[in-house]
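Undergrad: Dropping the structure in here first, questions after.
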Amino acid sequence: MGKTVDTKIIHDGSDPKKHFGSINDPIYKNSTLIFDNYKSFLRSKKKKFDVPYYGRISTYTTRRFEELISKIYDCKVGVVTSSGLSAITLTLLSLLKKNDEIILTENCYEPVYNFAENELKRFGINSKYFGSSQNETLQKLLTTKTKVIYIESPGSLNFEVEDLKKIVSIAKPRKILTVMDNTWSTFLGCNPLKYGIDIVIESATKYLSGHSDNFLGIIALNSDKYRRLIKQSAVRIGDFVSAESCFEASKGLKTLKIRMEKHQYNAKKIFNYLKSNKIVTDILYLPDISNKSNKLWKKFHKINNGLITFSIRNNGNVNVFVDSLKLFKIGFSWGGYESLILPLESLKPSRKMSKNKDYWFRIHIGLENYEDLIRDINNAMSKYAKQK
């Protein structure tokens with residue numbers, strides 16, 4: 001009998017029969033694993049990426065979570081890394097070499113932009129950038145040296161969306177690998193592998209873990225060849241995934257769907273409030289039919305999340321607005337149960353916004369009562385508006 005993804009995330013990833021009836025698999029925490037005999041040692045060494053071998057490379061807990069990744073993304077293999085960023089950097093380092101070129105979306109996560117402009121550049125790898133859905137621009141950037149097209153869709157600051165089918169149609173005939181950061185939607189909202197993307201990355205630090213207390217990255221793919229390259233890079237660089245991180249993510253996974261539903265519900269209420277506030281000058285929210293990426297988003301993504309980016313009129317000291325917030329805390333990241341606000345200097349890492357214009361913020365709407373959140377924003381905006 002087949003299982004929907006809702007049921008899979010509840011029942012997959014544990015083995016009560018093997019663990020004396022425990023509904024959750026226990027944490028296997030170890031650096032050293034011992035082997036029954038020489039033959040079993042050689043067998044494990046040969047399959048060190050497939051079975052528990054050495055604590056830094058894999059344990060029972062980390063291997064089980066990699067199996068769970070392959071189930072939720074309905075793919076051949078999964079890889080777990082120490083963070084969402086390490087999942088990206090290890091993948092790119094595994095696929096690229098000196099004199100290769102990579103084309104990245106302008107919407108990429110700022111640390112990825114910094115990695116490309118500093119570390120990849122230092123290794124002799126050239127990076128180019130294209131705007132969202134600018135497929136003609138993308139094709140003009142391609143050369144015989146182009147090995148990877150990297151996208152983040154939607155972008156985590158401005159939520160611009162890529163046309164996955166068109167990007168794949170450009171890349172496949174040229175044997176260019178496509179890599180996508182899918183953290184915004186999670187596997188519940190989009191499975192890019194189904195549209196032909198080669199490698200999918202998700203920061204399990206965010207929605208998947210859901211409690212702002214965990215770092216973890218996951219990679220989903222259908223090629224054992226590229227999986228082994230990534231695993232080899234992880235081992236050589238010393239990327240370490242703790243058993244506790246996988247255990248925490250497994251627990252977060254069980255409640256992911258209902259948490260996402262609450263994030264979406266609250267976000268819609270906050271959007272409606274912001275739309276009615278005269279201090280607000282612009283709002284970026286994908287379910288908004290006036291958003292330029294709305295149609296493309298609905299084509300590839302099934303769910304929304306708790307992120308909204310908006311701007312407010314320059315009305316004096318912006319500190320008055322930010323510091324008057326009580327429930328929205330200033331902080332990086334998103335995907336936890338709490339509401340956050342992040343002042344923005346740019347909507348794209350490669351472009352700086354002009355000074356003396358509107359103030360921009362990204363908010364992550366948590367699981368609090370939406371009426372309390374609206375009161376919090378309204379109180380801060382009222383104080384800010386009274387400055388002049």
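Residue numbers start at 1 in each chain; chains themselves are named A, B, ... in the order of the structure tokens; ligands are numbered from 1 in the order shown.
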Please identify all polymer residues within 7 Å of Ile125 of chain A, counting only C-alpha atoms, omitting same-chain residues fewer than 2 positions from it, and present them as number ranges by chain.
TA: A: 97-101, 120-121, 123, 127
Undergrad: Include C-alpha atoms and write out the residues we just selected as a JSON list (two decimals), in the first residue's frame.
TA:
```
[["chain", "number", "residue", "atom", "x", "y", "z"],
["A", 97, "LYS", "CA", 37.64, 22.17, -10.65],
["A", 98, "LYS", "CA", 40.16, 24.78, -11.78],
["A", 99, "ASN", "CA", 39.12, 26.71, -14.94],
["A", 100, "ASP", "CA", 35.49, 25.55, -14.66],
["A", 101, "GLU", "CA", 32.64, 28.06, -14.60],
["A", 120, "LEU", "CA", 35.85, 29.36, -5.67],
["A", 121, "LYS", "CA", 37.68, 32.30, -7.21],
["A", 123, "PHE", "CA", 40.61, 27.89, -6.71],
["A", 127, "SER", "CA", 31.36, 32.64, -11.22]]
```
Undergrad: Excluding Ser233 of chain A and residues on its chain fewer than 3 positions from it, collect all residues at most 8 Å away from it, counting only C-alpha atoms, and give them as a PDB file with C-alpha atoms, in the first residue's frame.
TA:
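In the end it all went to around.pdb:
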```
ATOM      1  CA  LEU A  90      30.587  20.648  -0.408  1.00  0.00           C
ATOM      2  CA  LEU A  93      33.545  21.826  -4.453  1.00  0.00           C
ATOM      3  CA  SER A  94      32.793  18.257  -5.497  1.00  0.00           C
ATOM      4  CA  LEU A 229      31.995  12.620  -4.802  1.00  0.00           C
ATOM      5  CA  ILE A 230      30.181  14.759  -2.235  1.00  0.00           C
ATOM      6  CA  ARG A 236      38.469  14.980   3.282  1.00  0.00           C
ATOM      7  CA  ILE A 237      37.428  18.405   4.525  1.00  0.00           C
TER       8      ILE A 237
END
```
Undergrad: Please identify all polymer residues within 7 Å of segment 128-141 of chain A, counting only C-alpha atoms, omitting same-chain residues fewer than 3 positions from it, and present them as a ChimeraX atom specification.
TA: /A:102-106,160-163
Undergrad: Include N, CA and C atoms and write out the residues we just selected as an mmCIF file, in the first residue's frame.
TA:
```cif
data_model
loop_
_atom_site.group_PDB
_atom_site.id
_atom_site.type_symbol
_atom_site.label_atom_id
_atom_site.label_comp_id
_atom_site.auth_asym_id
_atom_site.auth_seq_id
_atom_site.Cartn_x
_atom_site.Cartn_y
_atom_site.Cartn_z
ATOM 1 N N ILE A 102 30.796 28.417 -13.122
ATOM 2 C CA ILE A 102 29.488 28.177 -12.522
ATOM 3 C C ILE A 102 28.632 29.414 -12.735
ATOM 4 N N ILE A 103 27.364 29.201 -13.050
ATOM 5 C CA ILE A 103 26.429 30.314 -13.179
ATOM 6 C C ILE A 103 25.436 30.218 -12.027
ATOM 7 N N LEU A 104 25.309 31.300 -11.275
ATOM 8 C CA LEU A 104 24.452 31.320 -10.095
ATOM 9 C C LEU A 104 23.351 32.359 -10.245
ATOM 10 N N THR A 105 22.222 32.098 -9.618
ATOM 11 C CA THR A 105 21.177 33.100 -9.568
ATOM 12 C C THR A 105 21.615 34.282 -8.695
ATOM 13 N N GLU A 106 21.193 35.480 -9.089
ATOM 14 C CA GLU A 106 21.471 36.659 -8.271
ATOM 15 C C GLU A 106 20.801 36.569 -6.902
ATOM 16 N N GLU A 160 12.024 35.763 -5.502
ATOM 17 C CA GLU A 160 11.893 35.568 -6.942
ATOM 18 C C GLU A 160 11.994 34.075 -7.254
ATOM 19 N N VAL A 161 11.256 33.658 -8.264
ATOM 20 C CA VAL A 161 11.102 32.237 -8.574
ATOM 21 C C VAL A 161 11.695 31.920 -9.948
ATOM 22 N N GLU A 162 12.326 30.758 -10.044
ATOM 23 C CA GLU A 162 12.904 30.321 -11.307
ATOM 24 C C GLU A 162 11.957 29.368 -12.033
ATOM 25 N N ASP A 163 12.015 29.383 -13.356
ATOM 26 C CA ASP A 163 11.276 28.422 -14.174
ATOM 27 C C ASP A 163 12.134 27.171 -14.293
#
```
Undergrad: Determine, counting only C-alpha atoms, which protein, DNA and RNA residues have an atom within 8 Å of an atom of Gly306 of chain A; residues of the same chain fewer than 2 positions away are not included. Present the result as a PyMOL selection string.
TA: chain A and resi 260+263-264+266-267+304+308+335+363-366
Undergrad: How about saving the chosen residues, C-alpha atoms kept, as a compact mmCIF listing (two decimals), in the first residue's frame?
TA:
```txt
# COMPACT_ATOMS: atom_id res chain seq x y z
CA MET A 260 3.89 24.90 7.92
CA HIS A 263 3.08 29.60 9.42
CA GLN A 264 1.07 30.06 6.21
CA ASN A 266 -0.35 33.58 10.21
CA ALA A 267 1.54 34.98 7.21
CA ASN A 304 3.69 29.08 1.17
CA ILE A 308 7.36 38.29 4.10
CA GLY A 335 11.91 28.39 10.16
CA ILE A 363 10.09 39.00 8.75
CA HIS A 364 9.61 35.37 9.62
CA ILE A 365 6.15 34.83 11.06
CA GLY A 366 6.17 32.22 13.76
```
Undergrad: With segment 62-66 of chain A as the partner and 10 Å as the cut-off, tabulate the residues of segment 169-259 of chain A that qualify, each row holding the nearest pair of atoms and their distance in Å to one decimal, using only C-alpha atoms, sorted by chain and rising number, as a Markdown table.
TA:
```
| residue | atom | partner | partner_atom | distance |
| --- | --- | --- | --- | --- |
| A:Ile218 | CA | A:Glu66 | CA | 8.0 |
| A:Ile219 | CA | A:Glu66 | CA | 8.7 |
| A:Ala220 | CA | A:Glu66 | CA | 8.9 |
| A:Val241 | CA | A:Thr62 | CA | 7.3 |
| A:Ser242 | CA | A:Thr62 | CA | 7.6 |
| A:Ala243 | CA | A:Thr62 | CA | 5.9 |
| A:Glu244 | CA | A:Thr62 | CA | 9.1 |
| A:Ser245 | CA | A:Thr62 | CA | 8.8 |
| A:Cys246 | CA | A:Thr62 | CA | 6.2 |
| A:Phe247 | CA | A:Phe65 | CA | 8.2 |
| A:Ala249 | CA | A:Phe65 | CA | 8.7 |
| A:Ser250 | CA | A:Phe65 | CA | 7.4 |
```
Undergrad: Produce a file of the selected residues containing C-alpha atoms, as a tab-separated table (two decimals), in the first residue's frame.
TA:
```
chain	number	residue	atom	x	y	z
A	218	ILE	CA	20.50	17.61	3.42
A	219	ILE	CA	21.24	16.73	-0.21
A	220	ALA	CA	18.87	14.68	-2.38
A	241	VAL	CA	27.38	15.59	11.40
A	242	SER	CA	26.40	14.81	14.96
A	243	ALA	CA	23.95	12.05	15.75
A	244	GLU	CA	22.07	14.53	17.95
A	245	SER	CA	21.50	16.85	14.96
A	246	CYS	CA	19.92	14.04	12.96
A	247	PHE	CA	17.82	12.98	15.93
A	249	ALA	CA	15.70	16.91	12.73
A	250	SER	CA	13.88	13.57	12.74
```
Undergrad: In Å to one decimal, how far is atom CA of Tyr337 of chain A from atom CA of Asn378 of chain A?
TA: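 Atom CA of Tyr337 of chain A lies 20.9 Å from atom CA of Asn378 of chain A.
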Undergrad: Of the candidates A:Asn277, A:His19, A:Tyr60, A:Ser212, which one gets nearest to Gly331 of chain A if we count only C-alpha atoms?
TA: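 Using only C-alpha atoms, the shortest distance to Gly331 of chain A belongs to A:Ser212.
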Undergrad: Please give the complete set of residues from segment 227-374 of chain A that DSSP, run on the backbone, assigns to strand (DSSP E), formatted as a short mmCIF file (atom, residue, chain, number, x, y, z; two decimals) with N, CA and C atoms, in the first residue's frame.
TA:
```cif
data_model
loop_
_atom_site.label_atom_id
_atom_site.label_comp_id
_atom_site.auth_asym_id
_atom_site.auth_seq_id
_atom_site.Cartn_x
_atom_site.Cartn_y
_atom_site.Cartn_z
N VAL A 280 3.67 51.37 5.15
CA VAL A 280 4.27 50.33 4.31
C VAL A 280 4.22 50.75 2.85
N THR A 281 5.37 50.71 2.18
CA THR A 281 5.45 51.16 0.78
C THR A 281 5.48 50.01 -0.22
N ASP A 282 5.95 48.84 0.19
CA ASP A 282 6.00 47.70 -0.72
C ASP A 282 6.00 46.41 0.09
N ILE A 283 5.40 45.37 -0.47
CA ILE A 283 5.35 44.06 0.20
C ILE A 283 5.68 42.97 -0.81
N LEU A 284 6.57 42.08 -0.43
CA LEU A 284 6.90 40.92 -1.25
C LEU A 284 6.34 39.68 -0.55
N LEU A 307 7.50 33.65 5.49
CA LEU A 307 8.37 34.78 5.16
C LEU A 307 7.63 35.87 4.39
N ILE A 308 7.85 37.12 4.81
CA ILE A 308 7.36 38.29 4.10
C ILE A 308 8.47 39.34 4.13
N THR A 309 8.72 39.96 3.01
CA THR A 309 9.66 41.09 2.95
C THR A 309 8.86 42.35 2.63
N PHE A 310 9.13 43.43 3.35
CA PHE A 310 8.38 44.66 3.12
C PHE A 310 9.26 45.87 3.39
N SER A 311 8.82 47.01 2.91
CA SER A 311 9.54 48.27 3.15
C SER A 311 8.61 49.27 3.82
N ILE A 312 9.19 50.20 4.57
CA ILE A 312 8.43 51.27 5.18
C ILE A 312 9.04 52.61 4.79
N LYS A 329 11.65 39.41 17.22
CA LYS A 329 13.03 39.61 17.69
C LYS A 329 13.97 39.77 16.48
N ILE A 330 15.00 40.60 16.66
CA ILE A 330 16.00 40.75 15.60
C ILE A 330 16.86 39.50 15.58
N LEU A 340 10.60 36.59 13.79
CA LEU A 340 11.87 37.31 13.68
C LEU A 340 11.74 38.46 12.70
N ILE A 341 12.60 39.46 12.87
CA ILE A 341 12.71 40.53 11.89
C ILE A 341 14.19 40.75 11.58
N LEU A 342 14.48 40.97 10.29
CA LEU A 342 15.86 41.19 9.86
C LEU A 342 15.92 42.42 8.98
N PRO A 343 16.60 43.49 9.43
CA PRO A 343 16.80 44.67 8.57
C PRO A 343 17.68 44.29 7.38
N LEU A 344 17.33 44.78 6.19
CA LEU A 344 18.03 44.39 4.97
C LEU A 344 18.79 45.56 4.35
N TYR A 359 13.10 51.86 4.09
CA TYR A 359 13.77 50.85 4.89
C TYR A 359 13.13 49.49 4.60
N TRP A 360 13.97 48.48 4.37
CA TRP A 360 13.48 47.15 4.03
C TRP A 360 13.73 46.16 5.16
N PHE A 361 12.78 45.23 5.32
CA PHE A 361 12.89 44.21 6.35
C PHE A 361 12.34 42.88 5.82
N ARG A 362 12.93 41.81 6.30
CA ARG A 362 12.31 40.51 6.10
C ARG A 362 11.83 40.02 7.45
N ILE A 363 10.59 39.57 7.50
CA ILE A 363 10.09 39.00 8.75
C ILE A 363 9.78 37.52 8.55
N HIS A 364 10.07 36.76 9.58
CA HIS A 364 9.61 35.37 9.62
C HIS A 364 8.49 35.32 10.65
#
```
Undergrad: Point out the residue among A:Leu256, A:Ile34, A:Leu296, A:Leu221 with the least atom-to-atom distance to Pro154 of chain A, counting only C-alpha atoms.
TA: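 Closest to Pro154 of chain A of all the choices is A:Leu296.
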Undergrad: In Å, how far is it from atom CA of Leu177 of chain A to atom CA of Tyr195 of chain A?
TA: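 Separating atom CA of Leu177 of chain A from atom CA of Tyr195 of chain A is a distance of 13.3 Å.
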Undergrad: Please measure the separation of atom CA of Lys295 of chain A and atom CA of Ile270 of chain A, giving the value in Å to one decimal.
TA: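 Between these atoms lies a distance of 21.3 Å.
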Undergrad: Excluding Ile374 of chain A and residues on its chain fewer than 2 positions from it, collect all residues at most 9 Å away from it, counting only C-alpha atoms, and give them as a list in words.
TA: Lys269, Ile270, Tyr273, Leu274, Asn369, Tyr370, Glu371, Asp372, Asp376, Ile377, Asn378 and Asn379 of chain A
Undergrad: Take the residues just selected and output them with N, CA and C atoms as an mmCIF file, in the first residue's frame.
TA:
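In the end it all went to part-v9.cif:
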```
data_model
loop_
_atom_site.group_PDB
_atom_site.id
_atom_site.type_symbol
_atom_site.label_atom_id
_atom_site.label_comp_id
_atom_site.auth_asym_id
_atom_site.auth_seq_id
_atom_site.Cartn_x
_atom_site.Cartn_y
_atom_site.Cartn_z
ATOM 1 N N LYS A 269 -2.521 36.541 7.405
ATOM 2 C CA LYS A 269 -3.106 37.567 8.271
ATOM 3 C C LYS A 269 -2.191 38.785 8.379
ATOM 4 N N ILE A 270 -0.896 38.543 8.521
ATOM 5 C CA ILE A 270 0.064 39.652 8.635
ATOM 6 C C ILE A 270 0.136 40.417 7.318
ATOM 7 N N TYR A 273 -2.717 42.785 7.023
ATOM 8 C CA TYR A 273 -2.510 43.971 7.869
ATOM 9 C C TYR A 273 -1.521 44.942 7.218
ATOM 10 N N LEU A 274 -0.386 44.429 6.770
ATOM 11 C CA LEU A 274 0.640 45.292 6.168
ATOM 12 C C LEU A 274 0.092 46.029 4.946
ATOM 13 N N ASN A 369 -0.022 33.619 18.271
ATOM 14 C CA ASN A 369 -1.339 34.071 17.842
ATOM 15 C C ASN A 369 -1.173 35.267 16.913
ATOM 16 N N TYR A 370 -1.784 35.202 15.735
ATOM 17 C CA TYR A 370 -1.566 36.255 14.743
ATOM 18 C C TYR A 370 -2.058 37.618 15.215
ATOM 19 N N GLU A 371 -3.097 37.646 16.052
ATOM 20 C CA GLU A 371 -3.604 38.933 16.556
ATOM 21 C C GLU A 371 -2.571 39.623 17.431
ATOM 22 N N ASP A 372 -1.848 38.847 18.222
ATOM 23 C CA ASP A 372 -0.776 39.417 19.049
ATOM 24 C C ASP A 372 0.346 39.967 18.172
ATOM 25 N N ASP A 376 1.633 43.857 17.829
ATOM 26 C CA ASP A 376 3.047 44.187 18.045
ATOM 27 C C ASP A 376 3.570 45.078 16.916
ATOM 28 N N ILE A 377 3.296 44.693 15.663
ATOM 29 C CA ILE A 377 3.753 45.495 14.526
ATOM 30 C C ILE A 377 3.055 46.848 14.501
ATOM 31 N N ASN A 378 1.771 46.839 14.747
ATOM 32 C CA ASN A 378 0.992 48.082 14.702
ATOM 33 C C ASN A 378 1.475 49.076 15.747
ATOM 34 N N ASN A 379 1.773 48.588 16.944
ATOM 35 C CA ASN A 379 2.283 49.465 18.003
ATOM 36 C C ASN A 379 3.615 50.082 17.599
#
```
Undergrad: I'd like the neighbourhood of Leu95 of chain A as a JSON list (two decimals) with N, CA and C atoms, in the first residue's frame, where a residue qualifies if any of its atoms comes within 8 Å (using only C-alpha atoms), though same-chain residues fewer than 4 positions away should be ignored.
TA:
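Full text of selection-v3.json as output:
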```
[["chain", "number", "residue", "atom", "x", "y", "z"],
["A", 91, "THR", "N", 28.90, 20.43, -2.13],
["A", 91, "THR", "CA", 28.41, 20.03, -3.45],
["A", 91, "THR", "C", 29.18, 20.74, -4.55],
["A", 147, "LYS", "N", 29.93, 24.29, -16.00],
["A", 147, "LYS", "CA", 29.70, 22.94, -15.49],
["A", 147, "LYS", "C", 28.47, 22.85, -14.58],
["A", 148, "VAL", "N", 28.11, 23.97, -13.95],
["A", 148, "VAL", "CA", 27.01, 23.95, -12.98],
["A", 148, "VAL", "C", 26.17, 25.20, -13.12],
["A", 226, "TYR", "N", 27.65, 11.10, -8.05],
["A", 226, "TYR", "CA", 27.81, 12.43, -7.45],
["A", 226, "TYR", "C", 27.67, 12.37, -5.94],
["A", 229, "LEU", "N", 31.08, 11.47, -4.71],
["A", 229, "LEU", "CA", 31.99, 12.62, -4.80],
["A", 229, "LEU", "C", 31.77, 13.59, -3.64]]
```
